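Structure file model-v6.cif (mmCIF, C-alpha atoms) is printed below.
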```cif
data_work
#
loop_
_atom_site.group_PDB
_atom_site.id
_atom_site.type_symbol
_atom_site.label_atom_id
_atom_site.label_comp_id
_atom_site.auth_asym_id
_atom_site.auth_seq_id
_atom_site.Cartn_x
_atom_site.Cartn_y
_atom_site.Cartn_z
ATOM 1 C CA MET A 1 -14.191 -30.115 -46.444
ATOM 2 C CA ASN A 2 -11.839 -28.662 -49.025
ATOM 3 C CA PRO A 3 -8.950 -26.298 -48.359
ATOM 4 C CA SER A 4 -9.211 -22.803 -49.759
ATOM 5 C CA GLY A 5 -6.906 -20.869 -52.020
ATOM 6 C CA ARG A 6 -4.551 -18.279 -50.624
ATOM 7 C CA GLY A 7 -5.886 -15.112 -52.256
ATOM 8 C CA PRO A 8 -7.427 -12.373 -50.064
ATOM 9 C CA ASN A 9 -10.887 -13.084 -51.459
ATOM 10 C CA ASP A 10 -10.633 -16.848 -51.161
ATOM 11 C CA PRO A 11 -12.547 -18.498 -48.296
ATOM 12 C CA TRP A 12 -10.827 -19.967 -45.251
ATOM 13 C CA PHE A 13 -12.174 -23.355 -46.340
ATOM 14 C CA ARG A 14 -15.106 -24.900 -48.172
ATOM 15 C CA LEU A 15 -17.929 -27.110 -46.962
ATOM 16 C CA GLY A 16 -18.999 -28.826 -50.130
ATOM 17 C CA THR A 17 -19.944 -25.951 -52.440
ATOM 18 C CA LEU A 18 -20.190 -23.407 -49.599
ATOM 19 C CA ASP A 19 -17.320 -20.908 -49.416
ATOM 20 C CA VAL A 20 -16.644 -20.259 -45.735
ATOM 21 C CA GLY A 21 -15.057 -16.844 -45.342
ATOM 22 C CA THR A 22 -15.006 -14.749 -42.184
ATOM 23 C CA THR A 23 -18.636 -13.571 -42.402
ATOM 24 C CA VAL A 24 -20.057 -17.007 -43.157
ATOM 25 C CA LEU A 25 -17.942 -18.580 -40.407
ATOM 26 C CA ILE A 26 -19.167 -16.077 -37.802
ATOM 27 C CA THR A 27 -22.744 -16.605 -39.009
ATOM 28 C CA ILE A 28 -22.449 -20.388 -38.576
ATOM 29 C CA LEU A 29 -20.904 -20.004 -35.117
ATOM 30 C CA SER A 30 -23.644 -17.543 -34.102
ATOM 31 C CA VAL A 31 -26.431 -19.924 -35.102
ATOM 32 C CA ALA A 32 -24.686 -22.734 -33.213
ATOM 33 C CA ALA A 33 -24.298 -20.454 -30.171
ATOM 34 C CA MET A 34 -27.997 -19.543 -30.308
ATOM 35 C CA LEU A 35 -28.953 -23.220 -30.315
ATOM 36 C CA PHE A 36 -26.579 -23.774 -27.399
ATOM 37 C CA GLY A 37 -28.258 -20.910 -25.532
ATOM 38 C CA ALA A 38 -31.654 -22.488 -26.167
ATOM 39 C CA GLY A 39 -30.464 -25.764 -24.658
ATOM 40 C CA ALA A 40 -28.764 -24.080 -21.701
ATOM 41 C CA MET A 41 -31.618 -21.735 -20.742
ATOM 42 C CA ARG A 42 -32.305 -21.413 -17.009
ATOM 43 C CA THR A 43 -28.892 -22.915 -16.218
ATOM 44 C CA PRO A 44 -25.646 -21.141 -15.236
ATOM 45 C CA LEU A 45 -24.207 -22.014 -18.664
ATOM 46 C CA SER A 46 -26.646 -19.694 -20.448
ATOM 47 C CA ASP A 47 -24.890 -16.615 -19.045
ATOM 48 C CA VAL A 48 -21.296 -17.753 -19.290
ATOM 49 C CA PHE A 49 -20.400 -15.876 -22.516
ATOM 50 C CA VAL A 50 -22.216 -12.559 -21.920
ATOM 51 C CA LEU A 51 -20.216 -9.313 -21.769
ATOM 52 C CA ASP A 52 -20.231 -8.749 -18.010
ATOM 53 C CA PRO A 53 -17.590 -6.197 -16.875
ATOM 54 C CA GLU A 54 -17.796 -7.268 -13.238
ATOM 55 C CA ALA A 55 -17.152 -10.884 -14.174
ATOM 56 C CA ILE A 56 -14.264 -9.844 -16.434
ATOM 57 C CA LEU A 57 -12.688 -7.830 -13.618
ATOM 58 C CA HIS A 58 -12.972 -10.944 -11.435
ATOM 59 C CA GLY A 59 -10.985 -13.067 -13.872
ATOM 60 C CA GLU A 60 -13.506 -14.305 -16.459
ATOM 61 C CA VAL A 61 -11.510 -12.733 -19.272
ATOM 62 C CA TRP A 62 -12.884 -15.027 -21.987
ATOM 63 C CA ARG A 63 -16.004 -12.861 -22.025
ATOM 64 C CA ILE A 64 -13.993 -10.144 -23.801
ATOM 65 C CA VAL A 65 -14.129 -12.183 -27.030
ATOM 66 C CA THR A 66 -17.123 -14.496 -26.510
ATOM 67 C CA TRP A 67 -19.895 -11.948 -25.937
ATOM 68 C CA PRO A 68 -20.980 -11.712 -29.618
ATOM 69 C CA PHE A 69 -21.780 -15.431 -29.397
ATOM 70 C CA ALA A 70 -23.801 -15.204 -26.175
ATOM 71 C CA TYR A 71 -27.518 -15.938 -26.493
ATOM 72 C CA PRO A 72 -28.734 -16.546 -22.935
ATOM 73 C CA ASN A 73 -32.370 -16.364 -24.055
ATOM 74 C CA GLY A 74 -31.930 -18.937 -26.787
ATOM 75 C CA VAL A 75 -33.623 -18.700 -30.177
ATOM 76 C CA GLY A 76 -35.619 -15.565 -30.989
ATOM 77 C CA PHE A 77 -36.865 -13.673 -34.027
ATOM 78 C CA TRP A 78 -34.843 -10.488 -33.471
ATOM 79 C CA PRO A 79 -31.548 -12.248 -32.680
ATOM 80 C CA LEU A 80 -32.039 -14.395 -35.780
ATOM 81 C CA LEU A 81 -32.788 -11.298 -37.882
ATOM 82 C CA THR A 82 -29.615 -9.697 -36.519
ATOM 83 C CA ILE A 83 -27.559 -12.700 -37.643
ATOM 84 C CA VAL A 84 -29.115 -12.536 -41.120
ATOM 85 C CA MET A 85 -28.350 -8.805 -41.407
ATOM 86 C CA PHE A 86 -24.777 -9.387 -40.234
ATOM 87 C CA TRP A 87 -24.378 -12.037 -42.937
ATOM 88 C CA TYR A 88 -25.887 -9.834 -45.663
ATOM 89 C CA PHE A 89 -23.935 -6.634 -45.033
ATOM 90 C CA GLY A 90 -20.777 -8.321 -43.743
ATOM 91 C CA LYS A 91 -20.518 -10.544 -46.806
ATOM 92 C CA ASP A 92 -20.772 -7.498 -49.064
ATOM 93 C CA LEU A 93 -17.989 -5.719 -47.181
ATOM 94 C CA GLU A 94 -15.808 -8.813 -47.150
ATOM 95 C CA GLU A 95 -16.184 -9.684 -50.840
ATOM 96 C CA HIS A 96 -16.015 -6.199 -52.336
ATOM 97 C CA LEU A 97 -13.729 -4.322 -49.961
ATOM 98 C CA LEU A 98 -11.891 -6.122 -47.175
ATOM 99 C CA GLY A 99 -11.229 -9.765 -47.969
ATOM 100 C CA ARG A 100 -11.381 -12.512 -45.354
ATOM 101 C CA VAL A 101 -8.324 -11.469 -43.318
ATOM 102 C CA ARG A 102 -9.135 -7.781 -42.869
ATOM 103 C CA MET A 103 -12.802 -8.647 -42.246
ATOM 104 C CA LEU A 104 -11.666 -10.892 -39.394
ATOM 105 C CA GLN A 105 -9.409 -8.116 -38.108
ATOM 106 C CA PHE A 106 -12.280 -5.623 -38.225
ATOM 107 C CA VAL A 107 -14.764 -7.861 -36.382
ATOM 108 C CA ALA A 108 -12.108 -8.769 -33.786
ATOM 109 C CA SER A 109 -11.256 -5.081 -33.302
ATOM 110 C CA VAL A 110 -14.922 -4.149 -32.778
ATOM 111 C CA THR A 111 -15.379 -7.008 -30.312
ATOM 112 C CA LEU A 112 -12.319 -6.080 -28.249
ATOM 113 C CA LEU A 113 -12.929 -2.309 -28.336
ATOM 114 C CA PHE A 114 -16.517 -2.524 -27.105
ATOM 115 C CA ALA A 115 -15.463 -4.942 -24.358
ATOM 116 C CA ILE A 116 -12.735 -2.535 -23.225
ATOM 117 C CA VAL A 117 -15.204 0.376 -23.240
ATOM 118 C CA ALA A 118 -17.685 -1.639 -21.157
ATOM 119 C CA VAL A 119 -15.055 -2.537 -18.574
ATOM 120 C CA ALA A 120 -13.811 1.073 -18.429
ATOM 121 C CA ILE A 121 -17.309 2.507 -17.893
ATOM 122 C CA ASP A 122 -18.042 -0.056 -15.208
ATOM 123 C CA ALA A 123 -14.747 0.667 -13.471
ATOM 124 C CA ILE A 124 -15.263 4.448 -13.571
ATOM 125 C CA VAL A 125 -18.979 4.901 -12.890
ATOM 126 C CA GLY A 126 -20.167 1.453 -11.859
ATOM 127 C CA ASN A 127 -22.125 1.843 -8.644
ATOM 128 C CA GLY A 128 -24.448 -1.122 -8.711
ATOM 129 C CA THR A 129 -26.841 0.500 -11.173
ATOM 130 C CA ALA A 130 -24.666 1.644 -14.097
ATOM 131 C CA VAL A 131 -24.035 -1.818 -15.516
ATOM 132 C CA VAL A 132 -22.985 -2.310 -19.123
ATOM 133 C CA ARG A 133 -24.012 -5.726 -20.425
ATOM 134 C CA ASP A 134 -24.069 -6.927 -23.987
ATOM 135 C CA SER A 135 -24.564 -10.203 -25.812
ATOM 136 C CA GLY A 136 -25.180 -11.496 -29.277
ATOM 137 C CA LEU A 137 -24.234 -9.901 -32.585
ATOM 138 C CA SER A 138 -26.540 -6.884 -32.212
ATOM 139 C CA THR A 139 -23.805 -4.327 -31.467
ATOM 140 C CA VAL A 140 -21.306 -5.838 -33.895
ATOM 141 C CA GLU A 141 -24.014 -6.016 -36.559
ATOM 142 C CA LEU A 142 -24.844 -2.329 -36.025
ATOM 143 C CA VAL A 143 -21.183 -1.416 -36.547
ATOM 144 C CA ILE A 144 -21.014 -3.562 -39.704
ATOM 145 C CA LEU A 145 -24.199 -1.947 -41.018
ATOM 146 C CA LEU A 146 -22.931 1.579 -40.330
ATOM 147 C CA ALA A 147 -19.561 0.743 -41.917
ATOM 148 C CA TRP A 148 -21.363 -0.541 -45.010
ATOM 149 C CA ILE A 149 -23.443 2.651 -45.158
ATOM 150 C CA ALA A 150 -20.364 4.839 -44.711
ATOM 151 C CA GLU A 151 -18.728 3.101 -47.687
ATOM 152 C CA TRP A 152 -21.798 3.307 -49.935
ATOM 153 C CA PRO A 153 -23.990 6.095 -48.497
ATOM 154 C CA GLN A 154 -26.082 6.540 -51.648
ATOM 155 C CA ARG A 155 -27.220 2.946 -52.007
ATOM 156 C CA ARG A 156 -30.961 2.476 -51.670
ATOM 157 C CA PHE A 157 -33.024 0.666 -49.064
ATOM 158 C CA LEU A 158 -36.780 0.062 -49.012
ATOM 159 C CA PHE A 159 -38.923 2.830 -50.507
ATOM 160 C CA ASN A 160 -35.783 4.149 -52.276
ATOM 161 C CA ILE A 161 -34.413 5.595 -49.032
ATOM 162 C CA PRO A 162 -30.687 6.469 -49.241
ATOM 163 C CA ALA A 163 -28.473 4.323 -47.047
ATOM 164 C CA TRP A 164 -27.138 7.296 -45.055
ATOM 165 C CA VAL A 165 -30.692 8.326 -44.063
ATOM 166 C CA PHE A 166 -31.494 4.782 -42.934
ATOM 167 C CA GLY A 167 -28.268 4.576 -40.904
ATOM 168 C CA SER A 168 -28.854 7.953 -39.258
ATOM 169 C CA VAL A 169 -32.354 6.933 -38.184
ATOM 170 C CA ILE A 170 -31.181 3.565 -36.795
ATOM 171 C CA LEU A 171 -28.371 5.179 -34.791
ATOM 172 C CA ALA A 172 -30.610 7.983 -33.494
ATOM 173 C CA LEU A 173 -33.307 5.523 -32.415
ATOM 174 C CA SER A 174 -30.766 3.406 -30.553
ATOM 175 C CA LEU A 175 -29.428 6.401 -28.619
ATOM 176 C CA ILE A 176 -32.895 7.833 -27.917
ATOM 177 C CA GLN A 177 -34.071 4.484 -26.609
ATOM 178 C CA TYR A 178 -31.197 4.294 -24.127
ATOM 179 C CA LEU A 179 -31.727 7.874 -22.947
ATOM 180 C CA GLN A 180 -35.480 7.408 -22.750
ATOM 181 C CA TYR A 181 -35.064 4.628 -20.208
ATOM 182 C CA GLY A 182 -32.365 6.500 -18.312
ATOM 183 C CA VAL A 183 -29.509 4.130 -19.139
ATOM 184 C CA TRP A 184 -27.166 6.895 -20.238
ATOM 185 C CA TRP A 185 -24.138 4.663 -19.696
ATOM 186 C CA MET A 186 -25.323 2.392 -22.512
ATOM 187 C CA ALA A 187 -25.560 5.439 -24.804
ATOM 188 C CA LEU A 188 -22.007 6.371 -23.754
ATOM 189 C CA TYR A 189 -20.923 2.778 -24.380
ATOM 190 C CA LEU A 190 -22.361 2.881 -27.901
ATOM 191 C CA VAL A 191 -20.952 6.301 -28.832
ATOM 192 C CA VAL A 192 -17.417 5.650 -27.547
ATOM 193 C CA GLY A 193 -17.393 2.183 -29.075
ATOM 194 C CA LEU A 194 -18.478 3.560 -32.445
ATOM 195 C CA VAL A 195 -15.794 6.254 -32.372
ATOM 196 C CA LEU A 196 -13.070 3.690 -31.665
ATOM 197 C CA SER A 197 -14.494 1.292 -34.259
ATOM 198 C CA THR A 198 -14.406 4.107 -36.830
ATOM 199 C CA ILE A 199 -10.692 4.596 -36.160
ATOM 200 C CA ALA A 200 -10.177 0.830 -36.505
ATOM 201 C CA ALA A 201 -12.085 0.790 -39.809
ATOM 202 C CA ARG A 202 -10.069 3.731 -41.141
ATOM 203 C CA SER A 203 -6.825 2.045 -40.098
ATOM 204 C CA LEU A 204 -7.784 -1.110 -42.021
ATOM 205 C CA GLY A 205 -8.280 0.850 -45.246
ATOM 206 C CA MET A 206 -12.017 1.505 -45.016
ATOM 207 C CA LEU A 207 -13.731 4.911 -45.205
ATOM 208 C CA SER A 208 -10.966 6.085 -47.532
ATOM 209 C CA GLU A 209 -13.055 8.995 -48.837
ATOM 210 C CA HIS A 210 -13.495 10.401 -45.326
ATOM 211 C CA HIS A 211 -10.080 12.036 -45.033
ATOM 212 C CA ALA A 212 -10.955 13.964 -41.865
ATOM 213 C CA LEU A 213 -11.355 10.766 -39.851
ATOM 214 C CA PRO A 214 -8.300 9.755 -37.798
ATOM 215 C CA LYS A 215 -6.514 6.485 -38.394
ATOM 216 C CA ILE A 216 -3.615 4.510 -37.025
ATOM 217 C CA HIS A 217 -0.925 3.648 -39.559
ATOM 218 C CA LEU A 218 -0.505 -0.086 -39.160
ATOM 219 C CA PRO A 219 2.669 -1.833 -40.327
ATOM 220 C CA HIS A 220 2.066 -3.780 -43.542
ATOM 221 C CA ARG A 221 3.679 -7.171 -43.823
ATOM 222 C CA GLN A 222 5.768 -7.366 -46.976
ATOM 223 C CA LYS A 223 4.553 -10.104 -49.264
ATOM 224 C CA ARG A 224 7.086 -12.815 -50.031
ATOM 225 C CA GLY A 225 9.009 -11.779 -53.088
ATOM 226 C CA GLY A 226 7.873 -8.121 -52.787
ATOM 227 C CA THR A 227 7.098 -6.275 -55.991
ATOM 228 C CA ALA A 228 9.328 -8.641 -57.917
ATOM 229 C CA ARG A 229 6.611 -11.273 -57.511
ATOM 230 C CA HIS A 230 4.252 -9.392 -59.771
ATOM 231 C CA GLN A 231 6.919 -8.625 -62.355
ATOM 232 C CA HIS A 232 9.119 -11.698 -62.545
ATOM 233 C CA GLY A 233 7.316 -14.595 -60.830
ATOM 234 C CA PRO A 234 6.879 -15.735 -57.217
ATOM 235 C CA ARG A 235 10.505 -16.694 -56.640
ATOM 236 C CA ALA A 236 12.321 -13.906 -58.440
ATOM 237 C CA ARG A 237 14.921 -12.204 -56.232
ATOM 238 C CA ARG A 238 16.708 -8.878 -56.316
ATOM 239 C CA SER A 239 20.490 -8.889 -56.081
ATOM 240 C CA HIS A 240 22.243 -6.774 -53.487
ATOM 241 C CA ARG A 241 23.970 -4.061 -55.505
ATOM 242 C CA HIS A 242 24.945 -0.528 -54.786
ATOM 243 C CA PRO A 243 21.891 1.806 -54.917
ATOM 244 C CA SER A 244 23.418 3.786 -57.791
ATOM 245 C CA GLN A 245 23.478 0.674 -59.937
ATOM 246 C CA GLY A 246 19.773 -0.038 -59.467
ATOM 247 C CA PRO A 247 18.102 -3.377 -58.715
ATOM 248 C CA THR A 248 18.785 -6.415 -60.825
ATOM 249 C CA VAL A 249 16.668 -9.545 -60.989
ATOM 250 C CA VAL A 250 18.582 -12.789 -60.626
ATOM 251 C CA ALA A 251 16.815 -15.714 -62.245
ATOM 252 C CA GLY A 252 17.530 -19.268 -61.233
ATOM 253 C CA PRO A 253 16.816 -22.516 -63.085
ATOM 254 C CA TRP A 254 13.553 -22.812 -61.208
ATOM 255 C CA GLN A 255 12.075 -19.582 -62.517
ATOM 256 C CA GLY A 256 10.515 -20.965 -65.689
ATOM 257 C CA SER A 257 8.284 -23.421 -63.801
ATOM 258 C CA ALA A 258 7.549 -21.133 -60.858
ATOM 259 C CA ALA A 259 6.463 -18.196 -62.989
ATOM 260 C CA SER A 260 3.689 -20.282 -64.520
ATOM 261 C CA ALA A 261 2.171 -20.825 -61.041
ATOM 262 C CA GLU A 262 0.512 -17.405 -61.220
ATOM 263 C CA SER A 263 -1.876 -16.923 -64.126
ATOM 264 C CA PRO A 264 -2.421 -13.515 -65.777
ATOM 265 C CA ASP A 265 -5.845 -13.321 -64.096
ATOM 266 C CA GLU A 266 -4.303 -13.966 -60.679
ATOM 267 C CA ALA A 267 -1.534 -11.440 -61.276
ATOM 268 C CA ARG A 268 -4.033 -8.765 -62.332
ATOM 269 C CA MET A 269 -6.326 -9.505 -59.366
ATOM 270 C CA ASN A 270 -3.384 -9.336 -56.958
ATOM 271 C CA ALA A 271 -2.393 -5.977 -58.417
ATOM 272 C CA LEU A 272 -5.903 -4.581 -57.946
ATOM 273 C CA LEU A 273 -6.143 -5.936 -54.387
ATOM 274 C CA GLU A 274 -2.748 -4.446 -53.561
ATOM 275 C CA LYS A 275 -3.983 -1.091 -54.841
ATOM 276 C CA ILE A 276 -7.032 -1.349 -52.544
ATOM 277 C CA HIS A 277 -4.810 -2.354 -49.622
ATOM 278 C CA GLU A 278 -2.539 0.649 -50.111
ATOM 279 C CA SER A 279 -5.044 3.362 -51.066
ATOM 280 C CA GLY A 280 -8.533 2.053 -50.270
ATOM 281 C CA GLN A 281 -11.494 1.003 -52.395
ATOM 282 C CA ALA A 282 -11.997 4.535 -53.715
ATOM 283 C CA SER A 283 -8.670 4.365 -55.541
ATOM 284 C CA LEU A 284 -10.180 1.969 -58.087
ATOM 285 C CA SER A 285 -11.999 3.372 -61.080
ATOM 286 C CA SER A 286 -15.452 2.036 -61.901
ATOM 287 C CA ALA A 287 -13.916 -0.024 -64.710
ATOM 288 C CA GLU A 288 -11.350 -1.518 -62.333
ATOM 289 C CA GLN A 289 -14.048 -2.394 -59.800
ATOM 290 C CA LYS A 290 -16.023 -4.234 -62.480
ATOM 291 C CA GLU A 291 -12.837 -5.938 -63.623
ATOM 292 C CA LEU A 292 -12.084 -7.065 -60.053
ATOM 293 C CA LEU A 293 -15.537 -8.658 -59.689
ATOM 294 C CA ALA A 294 -15.213 -10.367 -63.072
ATOM 295 C CA LEU A 295 -11.765 -11.737 -62.175
ATOM 296 C CA ARG A 296 -13.022 -13.020 -58.825
ATOM 297 C CA ASP A 297 -15.930 -14.864 -60.443
ATOM 298 C CA ARG A 298 -13.736 -16.271 -63.217
ATOM 299 C CA LEU A 299 -11.100 -17.582 -60.777
ATOM 300 C CA ARG A 300 -13.717 -19.179 -58.552
ATOM 301 C CA ARG A 301 -15.079 -21.142 -61.490
ATOM 302 C CA ARG A 302 -11.676 -22.643 -62.241
#
```

Would you mind writing the file out in structure tokens?
Amino acid sequence: MNPSGRGPNDPWFRLGTLDVGTTVLITILSVAAMLFGAGAMRTPLSDVFVLDPEAILHGEVWRIVTWPFAYPNGVGFWPLLTIVMFWYFGKDLEEHLLGRVRMLQFVASVTLLFAIVAVAIDAIVGNGTAVVRDSGLSTVELVILLAWIAEWPQRRFLFNIPAWVFGSVILALSLIQYLQYGVWWMALYLVVGLVLSTIAARSLGMLSEHHALPKIHLPHRQKRGGTARHQHGPRARRSHRHPSQGPTVVAGPWQGSAASAESPDEARMNALLEKIHESGQASLSSAEQKELLALRDRLRRR
């Protein structure tokens, strides 16, 4: 196991030649959880991670974060397909838009928001029949898929179908299925969860072209060295002068060796990623997007 770099698009760690970012890590954990569910079938352990609002209200709070990894029925074709789809679309979002940290924040936000919605519905309308239960990556995967489609609505699926058409059909079928069987509370759970997840996505810099969507302005942690890092090296510092005199960079004897720590490729990639972080993916021109991919591939081969 090798440690990763510290760039936003670097993996958390590496297993041999496998880069383990957020999407790959969740995929590995999901497969392991499915195998655990297969071994624990027909025992109390098989149900211990499922999103169960009643159990949460009675103190089993770990279910708020464990339900995407609950597979009480063990291995199955559809759960396995869901994991594969999560990996495919999640990896694309992580590598080309979010990076490992914001991808983790997005998945964690979706997990927590849907759990909160489930508990709220159960507390308000739960009467022994209106029970919201969820397990596995199916709901999280649907959110990831819809987020991917919202970012690139004109991409093509099978039979040259635009992504936005495919997403609309999938969402409509999910809602119709719930209503068809009379479980309206599950339809409410899905709709409210999607609305809150959309706000979370917008707040993390996604859906930047959809200006009408609400977002929460999250505080951004200032990188060490601030903007001086990109201009004068990682350890350059600004002196404290009167505002009218303007900022001055004070260089120490260490600066010559420290400045070489960041290559031109790394500096350019950091600048592009900072632009995405501040203004969203849409702020990059097509040339800059191609440049970002080329820089990422070149740095990974180093």

I'd like to see the residues matched by the PyMOL selection byres ((chain A and resi 64) around 7) on this file, and ideally I'd get them as a VMD selection string. chain A and resid 51 61 to 63 65 to 67 112 115

Work out how far atom CA of A:Thr111 is from atom CA of A:Thr198, in Å to one decimal.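 Separation between atom CA of A:Thr198 and atom CA of A:Thr111: 12.9 Å.
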
Determine the residue membership of the PyMOL selection byres ((chain A and resi 139) around 10) for the file above and supply it as a VMD selection string. chain A and resid 68 82 110 to 111 114 134 to 138 140 to 145 190 193 to 194

Shell around stretch 170-186 of chain A at 10 Å using all atoms listed in the file, local window under 5 positions removed, as a PyMOL selection string: chain A and resi 118+121-122+125-126+129-134+142-143+145-146+164-165+191-192

Using 10 Å as the limit and counting all atoms listed in the file, can you tabulate each residue of stretch 66-156 of chain A that touches stretch 263-287 of chain A, with its shortest atom-to-atom distance in Å and the two atoms involved, as a tab-separated table?
```
residue	atom	partner	partner_atom	distance
A:His96	CA	A:Gln281	CA	8.5
A:Leu97	CA	A:Gln281	CA	6.3
A:Leu98	CA	A:His277	CA	8.4
A:Gly99	CA	A:Leu273	CA	9.0
A:Arg102	CA	A:His277	CA	9.7
A:Glu151	CA	A:Gln281	CA	8.9
```

Could you tell me how far atom CA of A:Pro214 sits from atom CA of A:Ala201, in Å to one decimal place?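 Atom CA of A:Pro214 lies 9.9 Å from atom CA of A:Ala201.
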
Interatomic distance between atom CA of A:Ala200 and atom CA of A:Ser109?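 Taking atom CA of A:Ala200 as the start and atom CA of A:Ser109 as the end point, the length is 6.8 Å.
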
Under the PyMOL selection byres ((chain A and resi 74) around 12), which residues of this model are included? Write them out as a PyMOL selection string. chain A and resi 30-43+45-47+69-73+75-80+135-136

Find the spatial neighbours of A:His217, counting only C-alpha atoms, within a cut-off of 10 Å - ignore same-chain residues fewer than 5 positions away - and output them as a PyMOL selection string. chain A and resi 202-205

Would you pick out the contacts of A:Phe166 at 9 Å or less, using only C-alpha atoms, so that residues sharing its chain but fewer than 5 positions from it are not included, and give the list as a PDB file with C-alpha atoms, keeping the file's coordinate frame?
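That gives us around-v3.pdb:
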```pdb
ATOM      1  CA  ILE A 149     -23.443   2.651 -45.158  1.00  0.00           C
ATOM      2  CA  PHE A 157     -33.024   0.666 -49.064  1.00  0.00           C
ATOM      3  CA  ILE A 161     -34.413   5.595 -49.032  1.00  0.00           C
ATOM      4  CA  LEU A 171     -28.371   5.179 -34.791  1.00  0.00           C
TER       5      LEU A 171
END
```

Of the residues A:Val195, A:Leu295, A:Met206, A:Ala150, which is the one nearest to A:Val117, using all atoms listed in the file?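 Closest candidate: A:Val195.
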
Once 3 Å is added on each side, what centre and edge lengths in Å to one decimal does the axis-aligned box around all listed atoms of stretch 69-85 of chain A have, as lines of an AutoDock Vina configuration file?
```
center_x = -29.3
center_y = -13.9
center_z = -32.2
size_x = 21.1
size_y = 16.1
size_z = 24.5
```
